[in-house]
Amino acid sequence: MDAVGELVIVEARLTELARQSRDPALIATAEQITRLAGGLRDATMTMRMVPMRSLVGRFRRLVLDLSDSLAKPVEFSVLGEDTELDKTVIEKLADPLVHILRNAIDHGMETQAERSAAGKAREGLIELSAEHAGAEVLIRVRDDGRGMDPEKIRAKAVSQGMIAPDAQLTDAQIFALVFEPGFSTAEKVTELSGRGVGMDVVRRTIESLRGSLEIESRKGKGTTVTLRLPLTLAIIEGLLIEVAGERYTLPMASVQEIVELPAEKAQPKRTGDFLDIRGGFVPFLRLRHLFDCGGEPGAAQNVVIVMSGESRVGIVVDRIIGTNQTVIKQMSKLHAGVRAVSGATILGDGSVALILDVQHLVGMGRAQDGAAREVAA
């Protein structure tokens, strides 16, 4: 896969040289190489794809053993075993899923007596499902247990100093606190829980795979943990953009649409910026301000609407250059703290373009949205 990635970079370089030379024979040869490199890339990526079925066996054993040791009968069902992911993703996915399943049984599932008192079947249900959604794979772990209590989580977070007592948080934001280091609502420490170690590691692992985590829960009804993961970690389709003379890449899988920035929005407001996209308000970020760029933008700017999970954010750019095959190069450890960037790629002219972290940008947009609502209130 590394060799194919280098081939894609060289192919882009050859295409650029052919375009500059305007030699018909060289352009025709470059087009042939582009087709051949594309076929080889697709074949190599297909060979790397592994079905979820390869992981399911160990999960069945885990659920059976925990069900017996905790005396909580559980029916474990799996949907979408044939869903395929990149081999690297599959290898790193095992431990996070083990931890999520363990939590579902230990924390989420009631005892037989509690289930009977609540009018539920004596046997609990845990469902693991996987499905493709565009260029992503959605993996869900759903249980019909006691669900999560947002008030209990909030109280624990306040007692640990994670949030202010008067902080205004949605249920989704409260549930996300369980991924913070050291957080646990267990009353006592056991072999399985209570140490506040685990869910933060799960989040770090999923984010290292350029994925995201979401929790939905209803008290007394159960909990669903959704993992959003990219199909591959090596080569993606990218949208090349320009901001203050520098080029950046956005994963096309996250791009919904591109609109022109209205003239009345050219100057930033103090309370946050929003666009009206077909009746829905979408916050937007100005990359020039985010990256502290000098100079003034041109008269016409574009807004790229990107999506992560169920949230949308607009990203204001100076120019849309076009799409390209993006070979992802990991950043060095020196750049580990740069949250807005997830990697880099080499362009056809040999220059480097940073790949923007859409999940982080969407998080910044949500924070801006929340701050604006507080000011409005």
# chains A, B, ... in the order shown; residues from 1 in each chain; ligands from 1
>>> select_by_dssp(residues="range 87-316 of chain A", states="strand (DSSP E)", output="ChimeraX atom specification")
/A:124-133,136-143,212-218,222-230,235-243,246-251,255-260,274-277,280-286,302-308,311-316
>>> write_last_selection(atoms="C-alpha atoms", output="short mmCIF file (atom, residue, chain, number, x, y, z; two decimals), in the first residue's frame")
data_model
loop_
_atom_site.label_atom_id
_atom_site.label_comp_id
_atom_site.auth_asym_id
_atom_site.auth_seq_id
_atom_site.Cartn_x
_atom_site.Cartn_y
_atom_site.Cartn_z
CA GLY A 124 -30.96 -8.77 28.15
CA LEU A 125 -30.17 -7.90 24.53
CA ILE A 126 -26.88 -6.59 23.14
CA GLU A 127 -26.68 -5.95 19.40
CA LEU A 128 -23.50 -5.27 17.42
CA SER A 129 -24.15 -3.93 13.91
CA ALA A 130 -22.01 -2.61 11.08
CA GLU A 131 -23.01 -0.85 7.86
CA HIS A 132 -21.52 1.32 5.15
CA ALA A 133 -22.56 4.98 4.97
CA GLU A 136 -17.60 5.70 6.30
CA VAL A 137 -18.49 2.58 8.25
CA LEU A 138 -20.95 2.90 11.15
CA ILE A 139 -20.50 0.38 13.94
CA ARG A 140 -23.13 0.40 16.69
CA VAL A 141 -23.31 -1.38 20.03
CA ARG A 142 -26.87 -1.23 21.36
CA ASP A 143 -28.25 -2.63 24.61
CA SER A 212 -15.59 9.62 16.00
CA LEU A 213 -17.79 8.37 18.86
CA GLU A 214 -21.39 9.22 19.70
CA ILE A 215 -23.62 8.07 22.59
CA GLU A 216 -27.42 7.99 22.63
CA SER A 217 -29.18 6.83 25.77
CA ARG A 218 -32.60 6.87 27.40
CA GLY A 222 -30.90 1.34 26.91
CA THR A 223 -27.81 2.85 25.31
CA THR A 224 -26.38 2.97 21.79
CA VAL A 225 -22.69 3.72 21.14
CA THR A 226 -21.96 4.61 17.50
CA LEU A 227 -18.45 4.49 16.00
CA ARG A 228 -17.90 6.32 12.72
CA LEU A 229 -14.80 5.12 10.92
CA PRO A 230 -13.24 5.80 7.50
CA ILE A 235 -5.62 7.08 0.16
CA ILE A 236 -8.74 9.26 0.11
CA GLU A 237 -10.45 11.58 -2.34
CA GLY A 238 -9.64 15.12 -1.26
CA LEU A 239 -10.90 18.64 -1.99
CA LEU A 240 -7.98 21.01 -2.49
CA ILE A 241 -8.61 24.55 -1.18
CA GLU A 242 -6.53 27.71 -0.82
CA VAL A 243 -6.37 30.11 2.14
CA GLU A 246 -1.49 28.18 1.28
CA ARG A 247 -3.18 25.00 0.07
CA TYR A 248 -5.06 22.57 2.31
CA THR A 249 -7.05 19.38 1.73
CA LEU A 250 -10.49 18.42 3.06
CA PRO A 251 -11.66 14.77 2.87
CA VAL A 255 -17.92 17.64 2.18
CA GLN A 256 -21.65 18.20 1.65
CA GLU A 257 -21.76 21.25 -0.58
CA ILE A 258 -20.02 24.50 -1.50
CA VAL A 259 -21.74 27.88 -1.42
CA GLU A 260 -20.60 31.45 -2.01
CA PHE A 274 -24.09 31.69 10.66
CA LEU A 275 -25.39 30.85 7.21
CA ASP A 276 -28.99 30.09 6.33
CA ILE A 277 -28.77 26.88 4.29
CA GLY A 280 -31.22 25.58 8.63
CA PHE A 281 -28.66 27.73 10.46
CA VAL A 282 -25.09 26.50 9.98
CA PRO A 283 -22.21 28.10 11.94
CA PHE A 284 -19.08 28.80 9.92
CA LEU A 285 -15.39 29.30 10.66
CA ARG A 286 -12.95 31.56 8.85
CA ASN A 302 -16.49 30.29 -0.76
CA VAL A 303 -17.90 28.31 2.15
CA VAL A 304 -17.37 24.55 2.19
CA ILE A 305 -20.10 22.85 4.23
CA VAL A 306 -18.64 19.80 6.00
CA MET A 307 -20.34 17.26 8.22
CA SER A 308 -19.19 15.05 11.10
CA SER A 311 -23.37 18.27 12.90
CA ARG A 312 -22.60 20.64 10.04
CA VAL A 313 -20.14 23.52 9.91
CA GLY A 314 -19.10 25.90 7.14
CA ILE A 315 -15.43 26.60 6.41
CA VAL A 316 -14.64 29.88 4.65
#
>>> residues_around(residues="range 340-346 of chain A", least_positions_apart="4", cutoff="12 Å", atoms="only C-alpha atoms", output="PyMOL selection string")
chain A and resi 5-13+207-211+233-240+247-251+287+290-291+324-333+335-336+350-364
>>> atom_distance(atom1="CA of Val89 in chain A", atom2="CA of Thr232 in chain A")
7.6 Å
>>> select_by_dssp(residues="range 65-158 of chain A", states="alpha helix (DSSP H)", output="VMD selection string")
chain A and resid 65 to 69 87 to 103 112 to 117 150 to 158
>>> write_last_selection(atoms="N, CA and C atoms", output="mmCIF file, in the first residue's frame")
data_model
loop_
_atom_site.group_PDB
_atom_site.id
_atom_site.type_symbol
_atom_site.label_atom_id
_atom_site.label_comp_id
_atom_site.auth_asym_id
_atom_site.auth_seq_id
_atom_site.Cartn_x
_atom_site.Cartn_y
_atom_site.Cartn_z
ATOM 1 N N ASP A 65 -18.784 -15.233 28.541
ATOM 2 C CA ASP A 65 -18.033 -15.330 29.804
ATOM 3 C C ASP A 65 -18.512 -14.279 30.806
ATOM 4 N N LEU A 66 -18.695 -13.023 30.349
ATOM 5 C CA LEU A 66 -19.135 -11.969 31.268
ATOM 6 C C LEU A 66 -20.565 -12.217 31.748
ATOM 7 N N SER A 67 -21.395 -12.703 30.850
ATOM 8 C CA SER A 67 -22.777 -13.010 31.221
ATOM 9 C C SER A 67 -22.824 -14.051 32.333
ATOM 10 N N ASP A 68 -21.977 -15.063 32.232
ATOM 11 C CA ASP A 68 -21.930 -16.108 33.268
ATOM 12 C C ASP A 68 -21.355 -15.576 34.575
ATOM 13 N N SER A 69 -20.236 -14.822 34.499
ATOM 14 C CA SER A 69 -19.575 -14.368 35.720
ATOM 15 C C SER A 69 -20.395 -13.336 36.486
ATOM 16 N N LYS A 87 -7.805 -3.330 6.826
ATOM 17 C CA LYS A 87 -7.176 -4.262 7.762
ATOM 18 C C LYS A 87 -6.595 -3.539 8.979
ATOM 19 N N THR A 88 -5.990 -2.371 8.762
ATOM 20 C CA THR A 88 -5.421 -1.603 9.879
ATOM 21 C C THR A 88 -6.503 -1.171 10.856
ATOM 22 N N VAL A 89 -7.660 -0.767 10.325
ATOM 23 C CA VAL A 89 -8.764 -0.346 11.186
ATOM 24 C C VAL A 89 -9.273 -1.536 12.000
ATOM 25 N N ILE A 90 -9.448 -2.673 11.346
ATOM 26 C CA ILE A 90 -9.933 -3.882 12.028
ATOM 27 C C ILE A 90 -9.013 -4.260 13.177
ATOM 28 N N GLU A 91 -7.704 -4.200 12.932
ATOM 29 C CA GLU A 91 -6.735 -4.606 13.961
ATOM 30 C C GLU A 91 -6.822 -3.711 15.195
ATOM 31 N N LYS A 92 -7.048 -2.416 14.985
ATOM 32 C CA LYS A 92 -7.083 -1.482 16.116
ATOM 33 C C LYS A 92 -8.472 -1.352 16.744
ATOM 34 N N LEU A 93 -9.464 -1.963 16.101
ATOM 35 C CA LEU A 93 -10.839 -1.815 16.557
ATOM 36 C C LEU A 93 -11.209 -2.811 17.650
ATOM 37 N N ALA A 94 -10.455 -3.906 17.734
ATOM 38 C CA ALA A 94 -10.823 -4.985 18.652
ATOM 39 C C ALA A 94 -10.902 -4.511 20.105
ATOM 40 N N ASP A 95 -9.856 -3.850 20.596
ATOM 41 C CA ASP A 95 -9.834 -3.455 22.011
ATOM 42 C C ASP A 95 -10.926 -2.450 22.374
ATOM 43 N N PRO A 96 -11.162 -1.394 21.559
ATOM 44 C CA PRO A 96 -12.270 -0.489 21.895
ATOM 45 C C PRO A 96 -13.622 -1.191 21.955
ATOM 46 N N LEU A 97 -13.891 -2.103 21.026
ATOM 47 C CA LEU A 97 -15.177 -2.799 21.039
ATOM 48 C C LEU A 97 -15.302 -3.730 22.238
ATOM 49 N N VAL A 98 -14.195 -4.352 22.627
ATOM 50 C CA VAL A 98 -14.209 -5.198 23.832
ATOM 51 C C VAL A 98 -14.604 -4.360 25.039
ATOM 52 N N HIS A 99 -14.038 -3.168 25.150
ATOM 53 C CA HIS A 99 -14.335 -2.317 26.308
ATOM 54 C C HIS A 99 -15.778 -1.833 26.296
ATOM 55 N N ILE A 100 -16.275 -1.474 25.113
ATOM 56 C CA ILE A 100 -17.660 -1.001 25.012
ATOM 57 C C ILE A 100 -18.636 -2.129 25.351
ATOM 58 N N LEU A 101 -18.379 -3.341 24.859
ATOM 59 C CA LEU A 101 -19.242 -4.487 25.173
ATOM 60 C C LEU A 101 -19.186 -4.819 26.667
ATOM 61 N N ARG A 102 -18.002 -4.725 27.251
ATOM 62 C CA ARG A 102 -17.857 -5.003 28.683
ATOM 63 C C ARG A 102 -18.659 -3.998 29.510
ATOM 64 N N ASN A 103 -18.607 -2.722 29.108
ATOM 65 C CA ASN A 103 -19.390 -1.696 29.799
ATOM 66 C C ASN A 103 -20.884 -1.946 29.657
ATOM 67 N N GLN A 112 -31.348 -9.849 36.766
ATOM 68 C CA GLN A 112 -32.635 -10.456 36.386
ATOM 69 C C GLN A 112 -33.781 -9.886 37.221
ATOM 70 N N ALA A 113 -33.542 -9.703 38.514
ATOM 71 C CA ALA A 113 -34.592 -9.180 39.391
ATOM 72 C C ALA A 113 -34.975 -7.765 38.995
ATOM 73 N N GLU A 114 -33.976 -6.928 38.681
ATOM 74 C CA GLU A 114 -34.258 -5.542 38.279
ATOM 75 C C GLU A 114 -35.020 -5.498 36.961
ATOM 76 N N ARG A 115 -34.669 -6.379 36.038
ATOM 77 C CA ARG A 115 -35.360 -6.409 34.747
ATOM 78 C C ARG A 115 -36.816 -6.851 34.924
ATOM 79 N N SER A 116 -37.014 -7.830 35.760
ATOM 80 C CA SER A 116 -38.382 -8.302 36.005
ATOM 81 C C SER A 116 -39.227 -7.200 36.635
ATOM 82 N N ALA A 117 -38.636 -6.477 37.595
ATOM 83 C CA ALA A 117 -39.366 -5.384 38.258
ATOM 84 C C ALA A 117 -39.701 -4.262 37.286
ATOM 85 N N PRO A 150 -28.234 11.170 32.908
ATOM 86 C CA PRO A 150 -27.473 12.411 32.686
ATOM 87 C C PRO A 150 -27.246 13.212 33.965
ATOM 88 N N GLU A 151 -28.213 13.171 34.888
ATOM 89 C CA GLU A 151 -28.048 13.928 36.133
ATOM 90 C C GLU A 151 -26.928 13.347 36.989
ATOM 91 N N LYS A 152 -26.843 12.014 37.018
ATOM 92 C CA LYS A 152 -25.782 11.357 37.793
ATOM 93 C C LYS A 152 -24.412 11.649 37.186
ATOM 94 N N ILE A 153 -24.332 11.613 35.856
ATOM 95 C CA ILE A 153 -23.063 11.900 35.171
ATOM 96 C C ILE A 153 -22.669 13.355 35.400
ATOM 97 N N ARG A 154 -23.644 14.240 35.302
ATOM 98 C CA ARG A 154 -23.366 15.665 35.503
ATOM 99 C C ARG A 154 -22.861 15.920 36.918
ATOM 100 N N ALA A 155 -23.538 15.321 37.919
ATOM 101 C CA ALA A 155 -23.136 15.525 39.313
ATOM 102 C C ALA A 155 -21.714 15.030 39.550
ATOM 103 N N LYS A 156 -21.387 13.881 38.966
ATOM 104 C CA LYS A 156 -20.037 13.339 39.126
ATOM 105 C C LYS A 156 -19.007 14.253 38.469
ATOM 106 N N ALA A 157 -19.334 14.771 37.282
ATOM 107 C CA ALA A 157 -18.413 15.662 36.570
ATOM 108 C C ALA A 157 -18.192 16.957 37.355
ATOM 109 N N VAL A 158 -19.246 17.470 37.961
ATOM 110 C CA VAL A 158 -19.117 18.685 38.779
ATOM 111 C C VAL A 158 -18.237 18.408 39.990
#
>>> atom_distance(atom1="CA of Pro262 in chain A", atom2="CA of Gly279 in chain A")
15.4 Å
>>> residues_around(residues="Glu180 in chain A", least_positions_apart="3", cutoff="12 Å", atoms="only C-alpha atoms", output="CSV table (one decimal) with C-alpha atoms, in the first residue's frame")
chain,number,residue,atom,x,y,z
A,153,ILE,CA,-23.1,11.9,35.2
A,156,LYS,CA,-20.0,13.3,39.1
A,157,ALA,CA,-18.4,15.7,36.6
A,160,GLN,CA,-14.5,16.1,39.9
A,161,GLY,CA,-14.2,19.7,38.6
A,162,MET,CA,-14.7,18.8,35.0
A,163,ILE,CA,-17.5,21.3,34.5
A,173,GLN,CA,-22.5,16.8,25.7
A,174,ILE,CA,-23.1,15.2,29.2
A,175,PHE,CA,-22.8,11.7,27.8
A,176,ALA,CA,-19.5,12.7,26.1
A,177,LEU,CA,-18.0,13.3,29.5
A,183,PHE,CA,-14.2,9.6,34.8
A,184,SER,CA,-16.3,6.8,36.3
A,196,GLY,CA,-12.0,5.6,35.5
A,197,VAL,CA,-9.6,4.0,32.9
A,198,GLY,CA,-10.8,2.8,29.6
A,199,MET,CA,-13.3,5.0,27.8
A,200,ASP,CA,-10.8,7.8,27.3
A,201,VAL,CA,-8.4,5.2,25.7
A,202,VAL,CA,-11.3,4.1,23.5
A,203,ARG,CA,-11.8,7.7,22.3
A,204,ARG,CA,-8.1,8.2,21.7
>>> residues_around(residues="Thr46 in chain A", least_positions_apart="6", cutoff="12 Å", atoms="only C-alpha atoms", output="JSON list (two decimals) with N, CA and C atoms, in the first residue's frame")
[["chain", "number", "residue", "atom", "x", "y", "z"],
["A", 1, "MET", "N", 0.83, -1.20, 0.00],
["A", 1, "MET", "CA", 0.00, 0.00, 0.00],
["A", 1, "MET", "C", 0.87, 1.25, 0.00],
["A", 39, "GLY", "N", -6.36, 1.75, -11.29],
["A", 39, "GLY", "CA", -6.76, 0.35, -11.19],
["A", 39, "GLY", "C", -5.95, -0.41, -10.16],
["A", 40, "LEU", "N", -4.64, -0.15, -10.14],
["A", 40, "LEU", "CA", -3.77, -0.81, -9.16],
["A", 40, "LEU", "C", -4.12, -0.37, -7.74],
["A", 84, "GLU", "N", -17.07, -4.66, 5.32],
["A", 84, "GLU", "CA", -15.60, -4.69, 5.24],
["A", 84, "GLU", "C", -14.98, -3.36, 5.65],
["A", 85, "LEU", "N", -13.84, -3.47, 6.33],
["A", 85, "LEU", "CA", -13.03, -2.30, 6.69],
["A", 85, "LEU", "C", -11.59, -2.57, 6.34],
["A", 86, "ASP", "N", -10.80, -1.50, 6.33],
["A", 86, "ASP", "CA", -9.37, -1.62, 6.12],
["A", 86, "ASP", "C", -8.75, -2.50, 7.21],
["A", 87, "LYS", "N", -7.81, -3.33, 6.83],
["A", 87, "LYS", "CA", -7.18, -4.26, 7.76],
["A", 87, "LYS", "C", -6.59, -3.54, 8.98],
["A", 231, "LEU", "N", -13.35, 4.23, 5.65],
["A", 231, "LEU", "CA", -13.14, 2.92, 5.01],
["A", 231, "LEU", "C", -11.67, 2.57, 4.93],
["A", 232, "THR", "N", -10.83, 3.57, 4.68],
["A", 232, "THR", "CA", -9.41, 3.31, 4.54],
["A", 232, "THR", "C", -8.61, 4.45, 5.17]]
>>> atom_distance(atom1="CA of Gly220 in chain A", atom2="CA of Ala104 in chain A")
13.4 Å
>>> residues_around(residues="Glu264 in chain A", least_positions_apart="5", cutoff="12 Å", atoms="only C-alpha atoms", output="list of chain:residue names")
A:Lys269, A:Asp273, A:Phe274, A:Leu275, A:Ala299, A:Ala300, A:Gln301
>>> write_last_selection(atoms="N, CA and C atoms", output="short mmCIF file (atom, residue, chain, number, x, y, z; two decimals), in the first residue's frame")
data_model
loop_
_atom_site.label_atom_id
_atom_site.label_comp_id
_atom_site.auth_asym_id
_atom_site.auth_seq_id
_atom_site.Cartn_x
_atom_site.Cartn_y
_atom_site.Cartn_z
N LYS A 269 -18.61 38.87 12.79
CA LYS A 269 -19.40 39.44 13.88
C LYS A 269 -18.81 39.00 15.21
N ASP A 273 -20.76 33.61 13.50
CA ASP A 273 -21.25 33.75 12.14
C ASP A 273 -22.09 32.53 11.77
N PHE A 274 -23.20 32.77 11.07
CA PHE A 274 -24.09 31.69 10.66
C PHE A 274 -24.54 31.92 9.22
N LEU A 275 -24.80 30.80 8.54
CA LEU A 275 -25.39 30.85 7.21
C LEU A 275 -26.76 30.20 7.26
N ALA A 299 -12.40 39.39 -3.09
CA ALA A 299 -13.79 39.84 -3.06
C ALA A 299 -14.76 38.68 -2.94
N ALA A 300 -14.45 37.57 -3.62
CA ALA A 300 -15.35 36.40 -3.61
C ALA A 300 -14.74 35.28 -2.79
N GLN A 301 -15.43 34.86 -1.73
CA GLN A 301 -14.98 33.75 -0.92
C GLN A 301 -16.04 32.64 -0.95
#
>>> closest_residue(among="A:Thr44, A:Thr15, A:Thr170, A:Gln20", to="Gln32 in chain A", atoms="only C-alpha atoms")
A:Thr15
>>> closest_residue(among="A:Leu17, A:Gly298, A:Asp349, A:Met49", to="Ala30 in chain A", atoms="only C-alpha atoms")
A:Leu17
